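> Dumping the structure here so I can ask a few things about it.
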Amino acid sequence: MSAALKPASIGTMQNTEDHEAAVCALLVARGRLKDNDLARAKRLHEEAPEGTLTALLARLGLVSERDLAEAWAERLHAPLLAVRDVPDMPPADLDVSMRFLKQQHVVPVRVGEDGIALVVADPADPYPLHAVQLASGKPVSLCIGLRSEIDDLIERYYGQGRSAMGTIVENLDGSSAEEEDVEHLRDLASEAPVIRLVNLILQRAVEQRASDVHIEPFENRLKVRYRIDGVLHEVEAPPSSSTAAVISRVKIMAKLNIAERRLPQDGRIQLRVQGKELDLRVSTVPTSFGESVVMRILDRETVVFDFASLGFTDNFQKRFVDVLERPHGILLVTGPTGSGKTTTLYTALSRINTPGVKIITVEDPVEYQLEGINQIQVKPQIGLDFAHALRSIMRQDPDVIMIGEMRDLETCRIAIQSALTGHLVLSTLHTNSASGGVTRMLDMGVEDYLLGSTVNGILAQRLVRRLDPETATPYEAPPEVIKEFELEKYTDERPIRLWKAGSSASNPTGYRGRRAIMEFLVMSDSLRRLVMQHADASEIERQARAEGMRTMYEDGIAKAVAGITTIEEVLRVTQEG
């Protein structure tokens with residue numbers, strides 16, 4: 001067993017009620033558990049006091065397994081189980097009933113001279129610890145684990161080696177539905193095993209902090225991938241025989257037409273998973289071997305519209321807010337899909353959202369509901385596109401207009417007209433840099449004099465993975481790295497240090513969350529002259545840098561030196577564009 005998984009003494013489990021209260025308080029303090037949910041669980045526990053309060057919280061889905069396990073591990077100073085750290089085989093010299101292990105959700109992982117290391121899902125219940133100690137005649141020490149991972153490990157050690165997904169799949173109807181047999185498909189998708197299978201896929205996605213779930217059919221297999229901190233990871237998937245049932249189940253949840261497999265469809269699912277209120281944006285497209293499904297997970301409870309948490313430094317935020325607070329003009333945010341543009345715009349809107357300001361947005365889709373802001377969802381199928389919606393909202397007397405994306409010349413012209421008539425317009429563009437935003441609008445056909453007189457600023461951004469501060473390790477930057485990246489410009493500290501990702505049982509990648517690296521072009525008279533001359537993006541960028549703009553690459557290197565990310569991450573996202 002890894003030294004990282006050194007168990008805690010069973011003696012730490014005295015006064016379990018005190019420990020439980022402390023764990024609940026810790027979950028509430030971290031925002032992982034709501035006060036009213038805790039109060040409801042306490043009432044239920046008092047009415048039917050079977051099991052422990054923390055186990056009830058997890059059973060009701062009021063808190064995630066991982067959040068609960070991490071809180072217990074911190075409270076008891078006990079290690080958190082990492083599946084890769086446990087032996088491949090169960091302890092040989094320990095005779096224990098598989099039924100007991102399954103009922104109590106505990107599993108022994110080591111027997112030594114110092115006793116038995118037992119992984120438990122519910123440390124608040126001392127019974128299994130004392131039972132194993134009594135039956136074996138050896139002292140027992142504990143590790144903390146996720147209930148689902150413990151159950152998988154029991155099956156691996158003492159069962160047939162099946163995972164939780166494997167157990168569900170065993171009960172699936174093996175018959176495959178014909179594509180035309182919609183009723184049989186609907187029946188399959190409504191069976192308990194398929195429902196549990198899709199719920200397990202979503203539950204694991206939430207546990208691993210995934211932003212997107214990809215379900216992709218191929219000729220002989222079904223592939224499931226999670227995008228975690230911007231990087232795709234392949235995970236355990238159901239067998240290919242369940243493809244039609246699984247995809248139909250997702251389509252039923254999203255209220256899509258399961259009989260239509262030739263055209264792309266979009267929908268939305270609202271549900272509660274692992275104690276979190278989630279919005280899932282669902283997209284299906286037909287492929288050679290069936291429909292590919294992507295679900296974008298929007299966690300409404302954890303999103304924070306705060307400039308600092310996005311990655312804005314103090315100086316950068318001041319420049320951005322100065323432009324944001326101008327009474328009229330256009331402020332653009334650019335970047336590729338998935339670079340956090342919408343979150344930045346929502347944060348900007350939250351900053352200027354006061355009772356004295358009327359804000360209307362036109363979006364496709366509306367990602368988050370913002371209190372006090374009128375949000376319009378475009379519906380092209382009934383003729384409500386960006387341009388049509390914009391023409392209508394001008395009669396609603398807005399002060400600020402946010403356009404989800406400037407996709408065509410007509411939308412750009414209405415936005416420019418709005419800016420010229422005294423409105424502040426916020427929008428996004430798909431370009432690789434701030435200077436590229438200018439040339440993109442010129443290429444779309446916007447007149448240069450209108451562009452120069454209305455655009456106040458263009459922000460370009462990318463997302464880099466943020467180092468987990470608990471495991472990141474500093475090292476002295478080698479001289480050749482200092483020279484190559486000119487690190488002396490970014491810090492006065494000597495020696496210059498960089499950071500690399502560490503690893504822990506709960507976070508093997510060493511990264512947690514993402515931060516934006518950005519550049520902000522503020523339109524000046526000299527830049528307007530270049531726009532009128534139709535200068536290319538490199539000339540505009542050169543002039544903006546002369547006026548003090550820091551490029552995305554430079555902002556990224558500064559954040560690497562500050563220990564927020566790594567140079568490798570900065571190069572990964574800046575060299576792609």
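FYI, nothing fancy with the structure tokens labels: chains A, B, ... in order, residues from 1 per chain, ligands from 1 as they appear.
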List every residue of region 161-248 of chain A that has an atom at most 12 Å from any atom of region 451-463 of chain A, giving for each one its closest atom pair and the distance in Å to one decimal, counting only C-alpha atoms, sorted by chain and then by ascending residue number, as CSV.

```
residue,atom,partner,partner_atom,distance
A:Asp229,CA,A:Leu463,CA,8.8
A:Gly230,CA,A:Leu463,CA,7.8
A:Val231,CA,A:Leu463,CA,11.0
```
> Based on DSSP run over this structure's backbone, return all residues of region 237-278 of chain A in helix (DSSP H, G or I), as a list in words.
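Taking region 237-278 of chain A and keeping helix (DSSP H, G or I) gives Ser240, Ser241, Ser242, Thr243, Ala244, Ala245, Val246, Ile247, Ser248, Arg249, Val250, Lys251, Ile252 and Met253 of chain A.
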> Output N, CA, C and O atoms for every residue in the selection just made, as a short mmCIF file (atom, residue, chain, number, x, y, z; two decimals), in the first residue's frame.

```
data_model
loop_
_atom_site.label_atom_id
_atom_site.label_comp_id
_atom_site.auth_asym_id
_atom_site.auth_seq_id
_atom_site.Cartn_x
_atom_site.Cartn_y
_atom_site.Cartn_z
N SER A 240 -21.95 -1.63 -26.43
CA SER A 240 -22.54 -1.05 -27.64
C SER A 240 -24.00 -1.49 -27.83
O SER A 240 -24.79 -0.80 -28.47
N SER A 241 -24.37 -2.66 -27.25
CA SER A 241 -25.75 -3.14 -27.40
C SER A 241 -26.76 -2.22 -26.71
O SER A 241 -27.95 -2.26 -27.01
N SER A 242 -26.26 -1.37 -25.78
CA SER A 242 -27.17 -0.47 -25.06
C SER A 242 -27.23 0.92 -25.68
O SER A 242 -27.91 1.81 -25.15
N THR A 243 -26.53 1.12 -26.82
CA THR A 243 -26.43 2.46 -27.42
C THR A 243 -27.80 3.11 -27.64
O THR A 243 -28.05 4.24 -27.21
N ALA A 244 -28.69 2.39 -28.33
CA ALA A 244 -29.99 2.97 -28.67
C ALA A 244 -30.77 3.34 -27.42
O ALA A 244 -31.38 4.41 -27.34
N ALA A 245 -30.74 2.47 -26.40
CA ALA A 245 -31.50 2.71 -25.16
C ALA A 245 -30.94 3.91 -24.41
O ALA A 245 -31.69 4.76 -23.92
N VAL A 246 -29.60 3.99 -24.29
CA VAL A 246 -28.96 5.08 -23.53
C VAL A 246 -29.24 6.42 -24.20
O VAL A 246 -29.64 7.40 -23.55
N ILE A 247 -29.04 6.50 -25.52
CA ILE A 247 -29.24 7.77 -26.22
C ILE A 247 -30.72 8.16 -26.20
O ILE A 247 -31.07 9.33 -26.03
N SER A 248 -31.61 7.17 -26.33
CA SER A 248 -33.05 7.47 -26.26
C SER A 248 -33.42 7.99 -24.87
O SER A 248 -34.27 8.88 -24.75
N ARG A 249 -32.82 7.43 -23.84
CA ARG A 249 -33.10 7.89 -22.47
C ARG A 249 -32.71 9.36 -22.32
O ARG A 249 -33.47 10.17 -21.76
N VAL A 250 -31.54 9.75 -22.83
CA VAL A 250 -31.10 11.14 -22.75
C VAL A 250 -32.07 12.04 -23.52
O VAL A 250 -32.46 13.11 -23.05
N LYS A 251 -32.51 11.58 -24.70
CA LYS A 251 -33.42 12.38 -25.52
C LYS A 251 -34.78 12.54 -24.84
O LYS A 251 -35.39 13.61 -24.91
N ILE A 252 -35.25 11.51 -24.17
CA ILE A 252 -36.51 11.61 -23.43
C ILE A 252 -36.38 12.62 -22.29
O ILE A 252 -37.26 13.46 -22.08
N MET A 253 -35.24 12.57 -21.57
CA MET A 253 -35.01 13.52 -20.48
C MET A 253 -34.99 14.96 -21.00
O MET A 253 -35.42 15.89 -20.31
#
```
> Under the rule that only C-alpha atoms are counted, which of A:Arg395, A:Arg351, A:Arg272, A:Arg225 is the nearest residue to Leu62 (chain A)?
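Once distances to Leu62 (chain A) are computed over only C-alpha atoms, the minimum belongs to A:Arg272.
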> Which one is closest to Arg59 (chain A): A:Leu420, A:Ile359, A:Val273, A:Leu142? Count only C-alpha atoms.
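Of A:Leu420, A:Ile359, A:Val273, A:Leu142, the one nearest Arg59 (chain A), counting only C-alpha atoms, is A:Val273.
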> When you look at Arg514 (chain A) with a cut-off of 10 Å (counting only C-alpha atoms), what residues show up, excluding the ones that are within fewer than 5 positions of it in the same chain? I need them as number ranges by chain.
A: 228-230, 309-311, 340, 462-467, 564-565
> With C-alpha atoms kept, could you save the residues just selected as a PDB file, in the first residue's frame?

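Listed below is the output, part.pdb:
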```pdb
ATOM      1  CA  ILE A 228     -12.556  18.088 -17.174  1.00  0.00           C
ATOM      2  CA  ASP A 229     -10.810  21.472 -16.909  1.00  0.00           C
ATOM      3  CA  GLY A 230     -10.880  21.743 -20.689  1.00  0.00           C
ATOM      4  CA  SER A 309     -11.998  34.402  -9.695  1.00  0.00           C
ATOM      5  CA  LEU A 310     -12.071  34.607 -13.505  1.00  0.00           C
ATOM      6  CA  GLY A 311      -8.405  35.627 -13.599  1.00  0.00           C
ATOM      7  CA  GLY A 340     -15.341  31.519 -21.022  1.00  0.00           C
ATOM      8  CA  ARG A 462      -8.449  31.622 -23.296  1.00  0.00           C
ATOM      9  CA  LEU A 463      -8.796  29.275 -20.321  1.00  0.00           C
ATOM     10  CA  VAL A 464      -5.804  27.550 -18.733  1.00  0.00           C
ATOM     11  CA  ARG A 465      -6.001  24.868 -16.065  1.00  0.00           C
ATOM     12  CA  ARG A 466      -5.346  26.210 -12.574  1.00  0.00           C
ATOM     13  CA  LEU A 467      -2.824  24.441 -10.367  1.00  0.00           C
ATOM     14  CA  ILE A 564      -1.528  30.054 -10.846  1.00  0.00           C
ATOM     15  CA  THR A 565      -0.740  27.746 -13.774  1.00  0.00           C
TER      16      THR A 565
END
```
> Skipping near chain neighbours, those fewer than 2 positions away, what residues fall within 12 Å of Val573 (chain A) using only C-alpha atoms, listed as a PyMOL selection string?
chain A and resi 230-231+335-336+338-339+432+461-465+515-518+552-553+556-557+565-571+575-577
> Tell me, as JSON, numbers by chain, which residues lie within 9 Å of region 490-492 of chain A, counting only C-alpha atoms; anything in the same chain fewer than 5 positions away does not count.
{"A": [554, 557, 558, 559, 561, 562]}
> Residues near Lys379 (chain A), anyone? I mean within 12 Å using only C-alpha atoms, not counting same-chain ones fewer than 4 positions away, as a PDB file with C-alpha atoms, in the first residue's frame.

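Everything below was put into around.pdb:
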```
ATOM      1  CA  ASP A 266     -31.108  20.668 -29.095  1.00  0.00           C
ATOM      2  CA  VAL A 362     -30.442  38.228 -26.604  1.00  0.00           C
ATOM      3  CA  GLU A 363     -28.809  34.818 -26.264  1.00  0.00           C
ATOM      4  CA  ASP A 364     -28.618  31.387 -27.865  1.00  0.00           C
ATOM      5  CA  PRO A 365     -29.078  29.742 -25.422  1.00  0.00           C
ATOM      6  CA  VAL A 366     -29.679  31.542 -22.111  1.00  0.00           C
ATOM      7  CA  GLY A 383     -38.151  33.587 -37.060  1.00  0.00           C
ATOM      8  CA  LEU A 384     -36.826  35.020 -33.788  1.00  0.00           C
ATOM      9  CA  ASP A 385     -33.128  35.346 -34.653  1.00  0.00           C
ATOM     10  CA  PHE A 386     -30.588  37.831 -33.225  1.00  0.00           C
ATOM     11  CA  ALA A 387     -31.379  40.575 -35.758  1.00  0.00           C
ATOM     12  CA  HIS A 388     -35.164  40.264 -35.376  1.00  0.00           C
ATOM     13  CA  ALA A 389     -34.969  40.261 -31.571  1.00  0.00           C
TER      14      ALA A 389
END
```
> Pick the closest to Pro469 (chain A) from A:Gly437, A:Gly422, A:Gly513, A:Pro355: which is it, counting only C-alpha atoms?
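Closest to Pro469 (chain A) of all the choices is A:Gly513.
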> For Asp397 (chain A), list every protein, DNA or RNA residue within 12 Å, evaluated using only C-alpha atoms, and leave out those in the same chain fewer than 5 positions away; present the list as a PyMOL selection string.
chain A and resi 357-360+374+390-392+418+421-423
> Using only N, CA and C atoms, please write the residues we just selected to a file, as an mmCIF file, in the first residue's frame.

```cif
data_model
loop_
_atom_site.group_PDB
_atom_site.id
_atom_site.type_symbol
_atom_site.label_atom_id
_atom_site.label_comp_id
_atom_site.auth_asym_id
_atom_site.auth_seq_id
_atom_site.Cartn_x
_atom_site.Cartn_y
_atom_site.Cartn_z
ATOM 1 N N VAL A 357 -30.548 50.828 -14.085
ATOM 2 C CA VAL A 357 -30.087 50.449 -15.432
ATOM 3 C C VAL A 357 -30.981 49.337 -15.966
ATOM 4 N N LYS A 358 -31.518 49.532 -17.162
ATOM 5 C CA LYS A 358 -32.328 48.497 -17.817
ATOM 6 C C LYS A 358 -31.424 47.704 -18.752
ATOM 7 N N ILE A 359 -31.323 46.399 -18.489
ATOM 8 C CA ILE A 359 -30.452 45.526 -19.281
ATOM 9 C C ILE A 359 -31.311 44.469 -19.964
ATOM 10 N N ILE A 360 -31.097 44.298 -21.268
ATOM 11 C CA ILE A 360 -31.776 43.243 -22.028
ATOM 12 C C ILE A 360 -30.706 42.431 -22.758
ATOM 13 N N ASN A 374 -33.487 41.261 -18.201
ATOM 14 C CA ASN A 374 -34.431 40.660 -19.148
ATOM 15 C C ASN A 374 -33.647 39.850 -20.177
ATOM 16 N N LEU A 390 -33.257 41.976 -31.836
ATOM 17 C CA LEU A 390 -32.623 43.273 -31.557
ATOM 18 C C LEU A 390 -33.487 44.435 -32.035
ATOM 19 N N ARG A 391 -34.100 44.273 -33.211
ATOM 20 C CA ARG A 391 -34.957 45.352 -33.711
ATOM 21 C C ARG A 391 -36.126 45.599 -32.759
ATOM 22 N N SER A 392 -36.634 44.517 -32.161
ATOM 23 C CA SER A 392 -37.775 44.648 -31.248
ATOM 24 C C SER A 392 -37.379 45.259 -29.910
ATOM 25 N N SER A 418 -27.286 50.799 -32.388
ATOM 26 C CA SER A 418 -27.649 50.923 -30.968
ATOM 27 C C SER A 418 -26.594 51.716 -30.205
ATOM 28 N N THR A 421 -26.771 55.411 -30.912
ATOM 29 C CA THR A 421 -27.932 56.108 -30.339
ATOM 30 C C THR A 421 -27.916 56.078 -28.814
ATOM 31 N N GLY A 422 -26.723 55.878 -28.235
ATOM 32 C CA GLY A 422 -26.581 56.068 -26.797
ATOM 33 C C GLY A 422 -26.706 54.836 -25.937
ATOM 34 N N HIS A 423 -26.585 53.627 -26.510
ATOM 35 C CA HIS A 423 -26.671 52.405 -25.716
ATOM 36 C C HIS A 423 -25.282 51.788 -25.551
#
```
> Just checking: using only C-alpha atoms, which residue out of A:Val182, A:Leu146, A:Val28, A:Val522 ends up closest to Ala55 (chain A)?
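Checking each of A:Val182, A:Leu146, A:Val28, A:Val522 against Ala55 (chain A), counting only C-alpha atoms, the winner is A:Leu146.
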> What is the distance between CA of Leu280 (chain A) and CA of Ala121 (chain A), in Å to one decimal?
28.8 Å
> Name the residues of region 244-441 of chain A that fall into strand (DSSP E) according to DSSP on the backbone, using the chain letters and numbers of this document, as a count of residues only.
56
> What is the distance, in Å and to one decimal place, between CA of Leu222 (chain A) and CA of Pro238 (chain A)?
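CA of Leu222 (chain A) sits 6.6 Å away from CA of Pro238 (chain A).
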> Tell me which of A:Leu498, A:Glu541, A:Leu53, A:Thr473 sits closest to Gly510 (chain A), counting only C-alpha atoms.
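Using only C-alpha atoms, Gly510 (chain A) sits closest to A:Thr473.
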> Report, in Å with one decimal, the straight-line distance from CA of Trp499 (chain A) to CA of Tyr475 (chain A).
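Between CA of Trp499 (chain A) and CA of Tyr475 (chain A) the gap is 6.0 Å.
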> Given the choices A:Leu80, A:Leu527, A:Leu101, A:Leu426, which gets closest to Arg542 (chain A) if the distance is worked out from only C-alpha atoms?
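Using only C-alpha atoms, Arg542 (chain A) sits closest to A:Leu527.
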